[in-house]
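Peer 1: Below you'll find structure-v9.cif; it's mmCIF, C-alpha atoms.
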data_data
loop_
_atom_site.group_PDB
_atom_site.id
_atom_site.type_symbol
_atom_site.label_atom_id
_atom_site.label_comp_id
_atom_site.auth_asym_id
_atom_site.auth_seq_id
_atom_site.Cartn_x
_atom_site.Cartn_y
_atom_site.Cartn_z
ATOM 1 C CA MET A 1 4.282 10.906 -17.027
ATOM 2 C CA ASN A 2 5.594 8.396 -19.572
ATOM 3 C CA SER A 3 6.810 10.936 -22.111
ATOM 4 C CA ALA A 4 10.354 10.820 -23.464
ATOM 5 C CA PRO A 5 11.601 13.849 -21.420
ATOM 6 C CA TYR A 6 10.268 12.294 -18.215
ATOM 7 C CA ARG A 7 11.938 8.951 -18.971
ATOM 8 C CA LEU A 8 15.223 10.711 -19.675
ATOM 9 C CA LEU A 9 14.945 12.745 -16.469
ATOM 10 C CA ARG A 10 14.203 9.609 -14.486
ATOM 11 C CA ARG A 11 17.146 7.708 -15.953
ATOM 12 C CA VAL A 12 19.525 10.535 -15.100
ATOM 13 C CA LEU A 13 18.247 11.710 -11.724
ATOM 14 C CA THR A 14 17.184 8.413 -10.155
ATOM 15 C CA PRO A 15 20.700 6.959 -9.752
ATOM 16 C CA VAL A 16 22.045 10.377 -8.756
ATOM 17 C CA ILE A 17 19.471 10.814 -5.960
ATOM 18 C CA VAL A 18 19.865 7.253 -4.692
ATOM 19 C CA ALA A 19 23.677 7.482 -4.754
ATOM 20 C CA ALA A 20 23.671 10.837 -2.957
ATOM 21 C CA ALA A 21 21.350 9.463 -0.286
ATOM 22 C CA LEU A 22 23.532 6.399 0.198
ATOM 23 C CA VAL A 23 26.641 8.544 0.548
ATOM 24 C CA GLY A 24 24.880 10.695 3.131
ATOM 25 C CA LEU A 25 23.783 7.649 5.114
ATOM 26 C CA VAL A 26 27.270 6.155 5.019
ATOM 27 C CA LEU A 27 28.739 9.389 6.338
ATOM 28 C CA LEU A 28 26.193 9.425 9.157
ATOM 29 C CA LEU A 29 26.873 5.800 10.028
ATOM 30 C CA ARG A 30 30.617 6.352 10.284
ATOM 31 C CA GLY A 31 30.158 7.738 13.772
ATOM 32 C CA GLU A 32 27.910 5.712 16.055
ATOM 33 C CA GLY A 33 26.298 3.663 13.309
ATOM 34 C CA ALA A 34 28.292 0.508 13.999
ATOM 35 C CA ALA A 35 27.420 0.569 17.706
ATOM 36 C CA ALA A 36 23.761 1.182 16.845
ATOM 37 C CA ALA A 37 23.747 -1.745 14.421
ATOM 38 C CA ARG A 38 25.209 -4.005 17.117
ATOM 39 C CA ALA A 39 22.411 -2.896 19.446
ATOM 40 C CA PHE A 40 19.906 -4.671 17.208
ATOM 41 C CA GLY A 41 21.792 -7.914 17.739
ATOM 42 C CA ARG A 42 21.397 -7.922 21.514
ATOM 43 C CA ALA A 43 19.137 -10.552 23.051
ATOM 44 C CA GLU A 44 16.904 -7.914 24.650
ATOM 45 C CA ALA A 45 16.328 -6.348 21.225
ATOM 46 C CA VAL A 46 14.768 -9.503 19.726
ATOM 47 C CA PRO A 47 11.271 -8.937 21.252
ATOM 48 C CA LEU A 48 11.379 -5.333 20.057
ATOM 49 C CA LEU A 49 12.251 -6.440 16.520
ATOM 50 C CA ALA A 50 9.391 -8.961 16.562
ATOM 51 C CA ALA A 51 7.019 -6.272 17.842
ATOM 52 C CA SER A 52 8.228 -3.972 15.059
ATOM 53 C CA LEU A 53 7.308 -6.532 12.388
ATOM 54 C CA ALA A 54 3.921 -7.183 14.005
ATOM 55 C CA ALA A 55 3.087 -3.476 14.286
ATOM 56 C CA TYR A 56 3.848 -2.803 10.651
ATOM 57 C CA LEU A 57 1.830 -5.821 9.533
ATOM 58 C CA LEU A 58 -1.163 -4.656 11.598
ATOM 59 C CA GLY A 59 -0.844 -1.199 10.065
ATOM 60 C CA LEU A 60 -0.938 -2.741 6.584
ATOM 61 C CA LEU A 61 -4.079 -4.702 7.435
ATOM 62 C CA LEU A 62 -5.772 -1.490 8.586
ATOM 63 C CA ALA A 63 -4.709 0.122 5.298
ATOM 64 C CA VAL A 64 -6.420 -2.726 3.435
ATOM 65 C CA HIS A 65 -9.683 -1.978 5.241
ATOM 66 C CA SER A 66 -9.296 1.756 4.580
ATOM 67 C CA TRP A 67 -8.993 1.144 0.823
ATOM 68 C CA GLN A 68 -11.725 -1.494 0.911
ATOM 69 C CA ALA A 69 -14.185 1.010 2.390
ATOM 70 C CA LEU A 70 -13.899 3.155 -0.758
ATOM 71 C CA VAL A 71 -14.778 0.374 -3.211
ATOM 72 C CA PRO A 72 -18.497 0.756 -4.078
ATOM 73 C CA GLY A 73 -20.897 -1.475 -2.195
ATOM 74 C CA GLU A 74 -22.320 -3.193 -5.271
ATOM 75 C CA HIS A 75 -18.784 -4.189 -6.254
ATOM 76 C CA ARG A 76 -17.408 -4.851 -2.774
ATOM 77 C CA VAL A 77 -14.277 -6.973 -2.601
ATOM 78 C CA ARG A 78 -13.763 -8.878 0.597
ATOM 79 C CA GLY A 79 -11.425 -11.173 2.437
ATOM 80 C CA LEU A 80 -8.676 -12.859 0.506
ATOM 81 C CA THR A 81 -9.579 -11.129 -2.772
ATOM 82 C CA ALA A 82 -9.179 -7.690 -1.215
ATOM 83 C CA ALA A 83 -5.895 -8.677 0.436
ATOM 84 C CA ARG A 84 -4.508 -10.041 -2.819
ATOM 85 C CA ILE A 85 -5.376 -6.875 -4.777
ATOM 86 C CA PHE A 86 -3.939 -4.563 -2.104
ATOM 87 C CA PHE A 87 -0.700 -6.420 -1.393
ATOM 88 C CA LEU A 88 0.072 -7.031 -5.068
ATOM 89 C CA GLY A 89 -0.576 -3.342 -5.682
ATOM 90 C CA GLN A 90 1.905 -2.517 -2.927
ATOM 91 C CA LEU A 91 4.653 -4.234 -4.891
ATOM 92 C CA GLY A 92 4.221 -1.764 -7.750
ATOM 93 C CA LYS A 93 5.910 0.979 -5.733
ATOM 94 C CA TYR A 94 9.229 -0.864 -6.007
ATOM 95 C CA LEU A 95 9.217 -0.243 -9.765
ATOM 96 C CA PRO A 96 10.142 3.084 -11.396
ATOM 97 C CA GLY A 97 7.105 5.294 -11.950
ATOM 98 C CA ARG A 98 3.860 5.478 -10.019
ATOM 99 C CA ILE A 99 1.513 3.799 -12.498
ATOM 100 C CA TRP A 100 2.113 0.153 -11.624
ATOM 101 C CA GLY A 101 0.046 0.108 -8.454
ATOM 102 C CA LEU A 102 -2.935 1.550 -10.329
ATOM 103 C CA VAL A 103 -2.478 -0.951 -13.169
ATOM 104 C CA THR A 104 -2.395 -3.832 -10.689
ATOM 105 C CA HIS A 105 -5.539 -2.644 -8.906
ATOM 106 C CA VAL A 106 -7.447 -2.212 -12.167
ATOM 107 C CA THR A 107 -6.445 -5.563 -13.659
ATOM 108 C CA GLN A 108 -6.959 -7.516 -10.451
ATOM 109 C CA GLY A 109 -10.240 -5.732 -9.798
ATOM 110 C CA ARG A 110 -11.562 -6.572 -13.243
ATOM 111 C CA ALA A 111 -10.694 -10.221 -12.631
ATOM 112 C CA ALA A 112 -12.824 -9.993 -9.470
ATOM 113 C CA GLY A 113 -15.731 -8.436 -11.381
ATOM 114 C CA VAL A 114 -15.175 -4.763 -10.459
ATOM 115 C CA PRO A 115 -15.179 -2.229 -13.336
ATOM 116 C CA GLY A 116 -11.849 -0.557 -14.015
ATOM 117 C CA ALA A 117 -13.212 2.953 -13.417
ATOM 118 C CA ARG A 118 -14.391 1.934 -9.940
ATOM 119 C CA MET A 119 -11.012 0.485 -9.055
ATOM 120 C CA ALA A 120 -9.181 3.534 -10.417
ATOM 121 C CA SER A 121 -11.307 5.962 -8.406
ATOM 122 C CA ALA A 122 -10.889 3.923 -5.199
ATOM 123 C CA TYR A 123 -7.115 3.762 -5.739
ATOM 124 C CA VAL A 124 -6.677 7.483 -6.430
ATOM 125 C CA LEU A 125 -8.960 8.497 -3.562
ATOM 126 C CA THR A 126 -7.122 6.163 -1.198
ATOM 127 C CA LEU A 127 -3.832 7.702 -2.284
ATOM 128 C CA ALA A 128 -5.150 11.207 -1.626
ATOM 129 C CA LEU A 129 -6.506 10.313 1.814
ATOM 130 C CA THR A 130 -3.272 8.494 2.671
ATOM 131 C CA VAL A 131 -1.184 11.561 1.837
ATOM 132 C CA LEU A 132 -3.570 13.848 3.734
ATOM 133 C CA THR A 133 -3.661 11.746 6.884
ATOM 134 C CA GLY A 134 0.039 10.880 6.688
ATOM 135 C CA ALA A 135 1.010 14.537 6.448
ATOM 136 C CA GLY A 136 -1.046 15.261 9.532
ATOM 137 C CA ILE A 137 0.424 12.417 11.547
ATOM 138 C CA GLY A 138 3.863 13.474 10.319
ATOM 139 C CA LEU A 139 3.532 16.765 12.152
ATOM 140 C CA LEU A 140 3.703 14.857 15.426
ATOM 141 C CA ALA A 141 7.451 15.059 14.919
ATOM 142 C CA ALA A 142 7.334 18.864 14.691
ATOM 143 C CA PRO A 143 7.413 19.635 18.449
ATOM 144 C CA GLY A 144 10.595 17.582 18.843
ATOM 145 C CA ALA A 145 12.288 18.878 15.699
ATOM 146 C CA LEU A 146 11.001 22.439 16.205
ATOM 147 C CA PRO A 147 10.764 23.076 19.977
ATOM 148 C CA GLY A 148 8.120 25.570 20.969
ATOM 149 C CA HIS A 149 5.957 25.010 17.862
ATOM 150 C CA TRP A 150 3.164 22.959 19.429
ATOM 151 C CA ALA A 151 0.532 24.697 17.313
ATOM 152 C CA TRP A 152 1.668 22.961 14.117
ATOM 153 C CA PRO A 153 -0.535 19.841 14.548
ATOM 154 C CA ALA A 154 -3.622 22.066 14.864
ATOM 155 C CA LEU A 155 -3.814 22.668 11.098
ATOM 156 C CA PRO A 156 -4.031 18.999 10.013
ATOM 157 C CA ALA A 157 -6.384 18.316 12.918
ATOM 158 C CA LEU A 158 -8.732 20.958 11.515
ATOM 159 C CA CYS A 159 -8.381 19.407 8.039
ATOM 160 C CA PHE A 160 -9.283 15.979 9.415
ATOM 161 C CA LEU A 161 -12.270 17.362 11.262
ATOM 162 C CA ALA A 162 -13.469 19.229 8.165
ATOM 163 C CA CYS A 163 -13.147 16.122 5.983
ATOM 164 C CA VAL A 164 -14.946 13.977 8.536
ATOM 165 C CA VAL A 165 -17.807 16.480 8.785
ATOM 166 C CA ARG A 166 -17.881 17.190 5.029
ATOM 167 C CA PRO A 167 -16.326 14.236 3.153
ATOM 168 C CA ALA A 168 -16.949 16.038 -0.144
ATOM 169 C CA LEU A 169 -13.950 18.247 0.671
ATOM 170 C CA ALA A 170 -11.779 15.166 0.151
ATOM 171 C CA THR A 171 -13.693 13.440 -2.648
ATOM 172 C CA ARG A 172 -14.567 16.314 -4.989
ATOM 173 C CA PRO A 173 -10.978 17.204 -5.996
ATOM 174 C CA VAL A 174 -10.261 13.545 -6.771
ATOM 175 C CA THR A 175 -13.416 12.985 -8.826
ATOM 176 C CA ALA A 176 -12.773 16.248 -10.687
ATOM 177 C CA LEU A 177 -9.248 15.093 -11.487
ATOM 178 C CA LEU A 178 -10.510 11.765 -12.795
ATOM 179 C CA ARG A 179 -13.066 13.512 -15.002
ATOM 180 C CA LEU A 180 -10.191 15.362 -16.676
ATOM 181 C CA PHE A 181 -9.023 11.939 -17.843
ATOM 182 C CA ARG A 182 -12.555 11.109 -19.031
ATOM 183 C CA GLN A 183 -13.240 8.767 -16.145
ATOM 184 C CA THR A 184 -16.849 9.143 -15.045
ATOM 185 C CA VAL A 185 -17.009 8.046 -11.428
ATOM 186 C CA GLU A 186 -19.313 8.555 -8.488
ATOM 187 C CA ALA A 187 -17.983 9.650 -5.131
ATOM 188 C CA PRO A 188 -18.307 7.038 -2.365
ATOM 189 C CA PRO A 189 -20.956 7.624 0.301
ATOM 190 C CA ASP A 190 -20.014 10.012 3.098
ATOM 191 C CA ARG A 191 -20.119 7.198 5.619
ATOM 192 C CA ALA A 192 -17.558 5.215 3.593
ATOM 193 C CA VAL A 193 -15.217 8.205 3.303
ATOM 194 C CA ARG A 194 -15.387 8.868 7.050
ATOM 195 C CA ARG A 195 -14.600 5.230 7.747
ATOM 196 C CA ALA A 196 -11.657 5.312 5.304
ATOM 197 C CA ILE A 197 -10.209 8.456 6.928
ATOM 198 C CA LEU A 198 -10.400 7.030 10.434
ATOM 199 C CA LEU A 199 -8.911 3.705 9.322
ATOM 200 C CA ALA A 200 -6.105 5.532 7.513
ATOM 201 C CA LEU A 201 -5.321 7.478 10.681
ATOM 202 C CA ALA A 202 -5.264 4.260 12.700
ATOM 203 C CA SER A 203 -3.043 2.653 10.056
ATOM 204 C CA TRP A 204 -0.472 5.452 10.296
ATOM 205 C CA LEU A 205 -0.464 5.389 14.089
ATOM 206 C CA ILE A 206 -0.100 1.604 14.342
ATOM 207 C CA SER A 207 2.422 1.185 11.536
ATOM 208 C CA GLY A 208 4.503 4.039 12.986
ATOM 209 C CA LEU A 209 4.920 1.997 16.144
ATOM 210 C CA HIS A 210 7.323 -0.264 14.245
ATOM 211 C CA LEU A 211 9.835 2.595 14.190
ATOM 212 C CA TRP A 212 9.201 3.302 17.874
ATOM 213 C CA PHE A 213 10.172 -0.262 18.787
ATOM 214 C CA LEU A 214 13.357 0.179 16.751
ATOM 215 C CA VAL A 215 14.353 3.402 18.506
ATOM 216 C CA LEU A 216 13.601 1.763 21.856
ATOM 217 C CA ALA A 217 16.167 -0.880 20.929
ATOM 218 C CA LEU A 218 18.619 2.021 20.536
ATOM 219 C CA ASP A 219 17.830 3.293 24.058
ATOM 220 C CA ALA A 220 15.837 6.354 22.980
ATOM 221 C CA PRO A 221 13.596 7.986 25.631
ATOM 222 C CA PRO A 222 10.255 6.124 25.444
ATOM 223 C CA TRP A 223 7.651 8.902 25.319
ATOM 224 C CA ALA A 224 9.617 11.444 23.317
ATOM 225 C CA GLY A 225 10.683 8.606 21.048
ATOM 226 C CA LEU A 226 7.061 7.555 20.538
ATOM 227 C CA ARG A 227 5.974 10.943 19.212
ATOM 228 C CA SER A 228 9.068 11.396 17.079
ATOM 229 C CA ALA A 229 9.041 7.862 15.640
ATOM 230 C CA VAL A 230 5.357 7.799 14.646
ATOM 231 C CA GLY A 231 5.565 11.277 13.174
ATOM 232 C CA ALA A 232 8.892 10.597 11.444
ATOM 233 C CA PHE A 233 7.639 7.478 9.694
ATOM 234 C CA ALA A 234 4.440 9.116 8.408
ATOM 235 C CA LEU A 235 6.283 12.231 7.274
ATOM 236 C CA ALA A 236 9.002 10.213 5.535
ATOM 237 C CA ALA A 237 6.475 7.969 3.792
ATOM 238 C CA VAL A 238 4.578 10.981 2.427
ATOM 239 C CA VAL A 239 7.755 12.748 1.295
ATOM 240 C CA SER A 240 9.098 9.628 -0.392
ATOM 241 C CA SER A 241 5.764 9.019 -2.157
ATOM 242 C CA LEU A 242 6.101 12.469 -3.730
ATOM 243 C CA ALA A 243 9.593 11.625 -5.024
ATOM 244 C CA LEU A 244 8.148 10.253 -8.241
ATOM 245 C CA ILE A 245 11.426 9.387 -9.932
ATOM 246 C CA VAL A 246 12.770 7.218 -7.079
ATOM 247 C CA PRO A 247 11.197 3.761 -6.589
ATOM 248 C CA ASP A 248 9.527 3.745 -3.158
ATOM 249 C CA GLY A 249 11.577 6.796 -2.198
ATOM 250 C CA TRP A 250 14.809 4.820 -1.712
ATOM 251 C CA GLY A 251 17.201 7.079 0.168
ATOM 252 C CA VAL A 252 14.729 9.950 0.437
ATOM 253 C CA ARG A 253 12.728 8.207 3.149
ATOM 254 C CA GLU A 254 15.812 7.209 5.110
ATOM 255 C CA LEU A 255 17.218 10.733 5.157
ATOM 256 C CA THR A 256 13.835 12.141 6.217
ATOM 257 C CA ILE A 257 13.556 9.670 9.101
ATOM 258 C CA THR A 258 17.130 10.403 10.142
ATOM 259 C CA ALA A 259 16.455 14.133 10.274
ATOM 260 C CA ALA A 260 13.168 13.704 12.177
ATOM 261 C CA LEU A 261 14.732 11.372 14.762
ATOM 262 C CA SER A 262 17.616 13.739 15.434
ATOM 263 C CA ALA A 263 15.695 15.105 18.428
ATOM 264 C CA VAL A 264 15.895 11.785 20.286
ATOM 265 C CA LEU A 265 18.901 9.959 18.779
ATOM 266 C CA SER A 266 22.392 10.755 17.606
ATOM 267 C CA PRO A 267 22.796 11.080 13.805
ATOM 268 C CA GLY A 268 24.461 7.682 13.479
ATOM 269 C CA ALA A 269 21.817 5.916 15.571
ATOM 270 C CA ALA A 270 19.015 7.711 13.709
ATOM 271 C CA ALA A 271 20.449 6.562 10.374
ATOM 272 C CA ALA A 272 20.678 2.986 11.684
ATOM 273 C CA ALA A 273 17.032 3.147 12.784
ATOM 274 C CA ALA A 274 16.023 4.453 9.342
ATOM 275 C CA ILE A 275 17.800 1.584 7.580
ATOM 276 C CA ALA A 276 16.320 -0.954 10.012
ATOM 277 C CA SER A 277 12.876 0.520 9.306
ATOM 278 C CA ARG A 278 13.411 -0.048 5.588
ATOM 279 C CA VAL A 279 14.345 -3.679 6.234
ATOM 280 C CA VAL A 280 11.267 -4.241 8.415
ATOM 281 C CA CYS A 281 8.952 -2.685 5.820
ATOM 282 C CA VAL A 282 10.395 -4.598 2.868
ATOM 283 C CA VAL A 283 10.352 -7.939 4.695
ATOM 284 C CA THR A 284 6.763 -7.413 5.874
ATOM 285 C CA GLU A 285 5.429 -6.243 2.506
ATOM 286 C CA LEU A 286 7.131 -8.922 0.430
ATOM 287 C CA GLY A 287 6.320 -11.628 2.953
ATOM 288 C CA SER A 288 2.673 -10.593 3.186
ATOM 289 C CA ALA A 289 2.299 -10.523 -0.598
ATOM 290 C CA ALA A 290 3.884 -13.976 -0.896
ATOM 291 C CA VAL A 291 1.628 -15.444 1.806
ATOM 292 C CA VAL A 292 -1.520 -13.937 0.273
ATOM 293 C CA VAL A 293 -0.680 -15.157 -3.245
ATOM 294 C CA LEU A 294 0.160 -18.653 -1.985
ATOM 295 C CA TRP A 295 -2.968 -18.782 0.163
ATOM 296 C CA SER A 296 -5.176 -17.656 -2.724
ATOM 297 C CA ARG A 297 -3.704 -20.390 -4.921
ATOM 298 C CA LEU A 298 -4.314 -23.034 -2.265
ATOM 299 C CA ARG A 299 -7.875 -21.791 -1.700
ATOM 300 C CA ARG A 300 -8.642 -21.691 -5.422
ATOM 301 C CA PRO A 301 -11.228 -24.383 -6.219
ATOM 302 C CA PRO A 302 -9.953 -27.101 -8.561
ATOM 303 C CA GLU A 303 -11.028 -26.835 -12.151
ATOM 304 C CA PRO A 304 -13.833 -29.284 -12.945
ATOM 305 C CA ALA A 305 -12.837 -32.294 -15.004
ATOM 306 C CA PRO A 306 -14.122 -32.184 -18.569
ATOM 307 C CA ALA A 307 -17.369 -34.087 -19.040
ATOM 308 C CA PRO A 308 -16.988 -37.331 -20.990
ATOM 309 C CA ALA A 309 -18.104 -37.196 -24.590
ATOM 310 C CA PRO A 310 -21.558 -38.720 -25.109
ATOM 311 C CA PRO A 311 -21.558 -42.118 -26.886
ATOM 312 C CA PRO A 312 -22.504 -42.107 -30.566
ATOM 313 C CA PRO A 313 -26.189 -42.765 -31.179
ATOM 314 C CA SER A 314 -27.024 -46.388 -31.976
ATOM 315 C CA PRO A 315 -28.559 -46.978 -35.410
ATOM 316 C CA ASP A 316 -32.317 -47.379 -35.582
ATOM 317 C CA PRO A 317 -33.117 -51.065 -36.419
ATOM 318 C CA THR A 318 -36.219 -50.024 -38.348
ATOM 319 C CA GLU A 319 -34.101 -48.042 -40.782
ATOM 320 C CA ARG A 320 -32.042 -49.943 -43.369
ATOM 321 C CA THR A 321 -29.852 -47.943 -45.579
ATOM 322 C CA GLY A 322 -29.755 -49.169 -49.173
ATOM 323 C CA GLU A 323 -32.029 -52.203 -48.461
ATOM 324 C CA ALA A 324 -35.689 -52.679 -49.302
ATOM 325 C CA THR A 325 -37.994 -54.046 -46.653
ATOM 326 C CA ARG A 326 -39.204 -57.522 -47.530
ATOM 327 C CA VAL A 327 -42.733 -58.565 -46.705
ATOM 328 C CA HIS A 328 -43.300 -62.331 -46.302
ATOM 329 C CA PRO A 329 -46.699 -63.817 -47.089
#
Can you dump the structure from the file as structure tokens?
Peer 2:
Amino acid sequence: MNSAPYRLLRRVLTPVIVAAALVGLVLLLRGEGAAAARAFGRAEAVPLLAASLAAYLLGLLLAVHSWQALVPGEHRVRGLTAARIFFLGQLGKYLPGRIWGLVTHVTQGRAAGVPGARMASAYVLTLALTVLTGAGIGLLAAPGALPGHWAWPALPALCFLACVVRPALATRPVTALLRLFRQTVEAPPDRAVRRAILLALASWLISGLHLWFLVLALDAPPWAGLRSAVGAFALAAVVSSLALIVPDGWGVRELTITAALSAVLSPGAAAAAAIASRVVCVVTELGSAAVVVLWSRLRRPPEPAPAPAPPPPSPDPTERTGEATRVHP
């Protein structure tokens, strides 16, 4: 993906896609967008904004545990080390291309004593499970966007159930893909894969609540807004992750959220909620990464002071260099 044609395509299409998305959002905000933005400044909206930040942070912490479950037991990373690797890897999505998160995981994992192949397999498998579970949760928005199509969530539910019963259905395609790149890896135990899938589902559900709190601040109906917001965020995150030439899906995610929330909000209010969601996510991710890096530096044990050089050996009095020993009668 780093060939010259791909770089040229990225340089041309990336600004075009981002600019088109921004124009579309501006056009949507021209209607009720200003009133929706003022709604976030009301005093009663402050607790909802705080709850939005907390929900997204909790969802990120669950995502850390989901990824952590896929790192092999003999090379388990825990606590602050796991948080540092995950949150620094999250920052890679803000750069063009999709390789920087993998590079960060491999380099940070090696520093923690985990082989690069193990970190690469855990990263790729986590990405696959995240897309799978996110796509399923995203279909929660289907009944609102497509009235009368309640059977849509049945398909991902069957996929989840099949992967929980037979985790090899999720791990074998990933390990086969890695072998194509000459990476010999072992699939994680079934128990670890099941735990990762369930934690990923919980992460999507909890992190999607941040968008629900935002639409509540815009006076959306609570229960219909809950289903649409959680599904919209998961669907938009998956779609934007597949937009490889746009860093973190800038613009793509906002338009997807706006379309999915159209069942419970006006277009202008939905666009305002999508932009507010971006702000909440960026602030939480950057803030979490900064706190983890600072905490790891403060917790790092001080380097031991160099040991003093040993004193030079004293000369042996019985040895006289260049003198003969005199014997007195």
Peer 1: Give as a VMD selection string every residue, naming chains and numbers as the document does, that has an atom within 12 Å of (9.9, 9.3, 7.0), counting only C-alpha atoms.
Peer 2: chain A and resid 134 to 135 137 to 141 204 207 to 208 211 228 to 242 248 to 261 270 to 271 273 to 275 277 to 278
Peer 1: Find the residues around stretch 61-65 of chain A up to 8 Å (all atoms listed in the file counted), leave out those fewer than 6 positions away in its own chain, and share them as a ChimeraX atom specification.
Peer 2: /A:82-83,86,196,199-200,202-203
Peer 1: In Å to one decimal, how far is atom CA of A:Asp219 from atom CA of A:Phe40?
Peer 2: 10.7 Å
Peer 1: Expressed in Å to a single decimal, how great is the separation between atom CA of A:Val174 and atom CA of A:Ala187?
Peer 2: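 A separation of 8.8 Å between them.
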Peer 1: So which one's closest to A:Val124, A:Val282, A:Leu58, A:Val106, A:Leu214? Using all atoms listed in the file, please.
Peer 2: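 Closest residue, counting all atoms listed in the file: A:Val106.
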Peer 1: When you draw a straight line from atom CA of A:Thr133 to atom CA of A:Leu60, how long is it in Å?
Peer 2: 14.7 Å
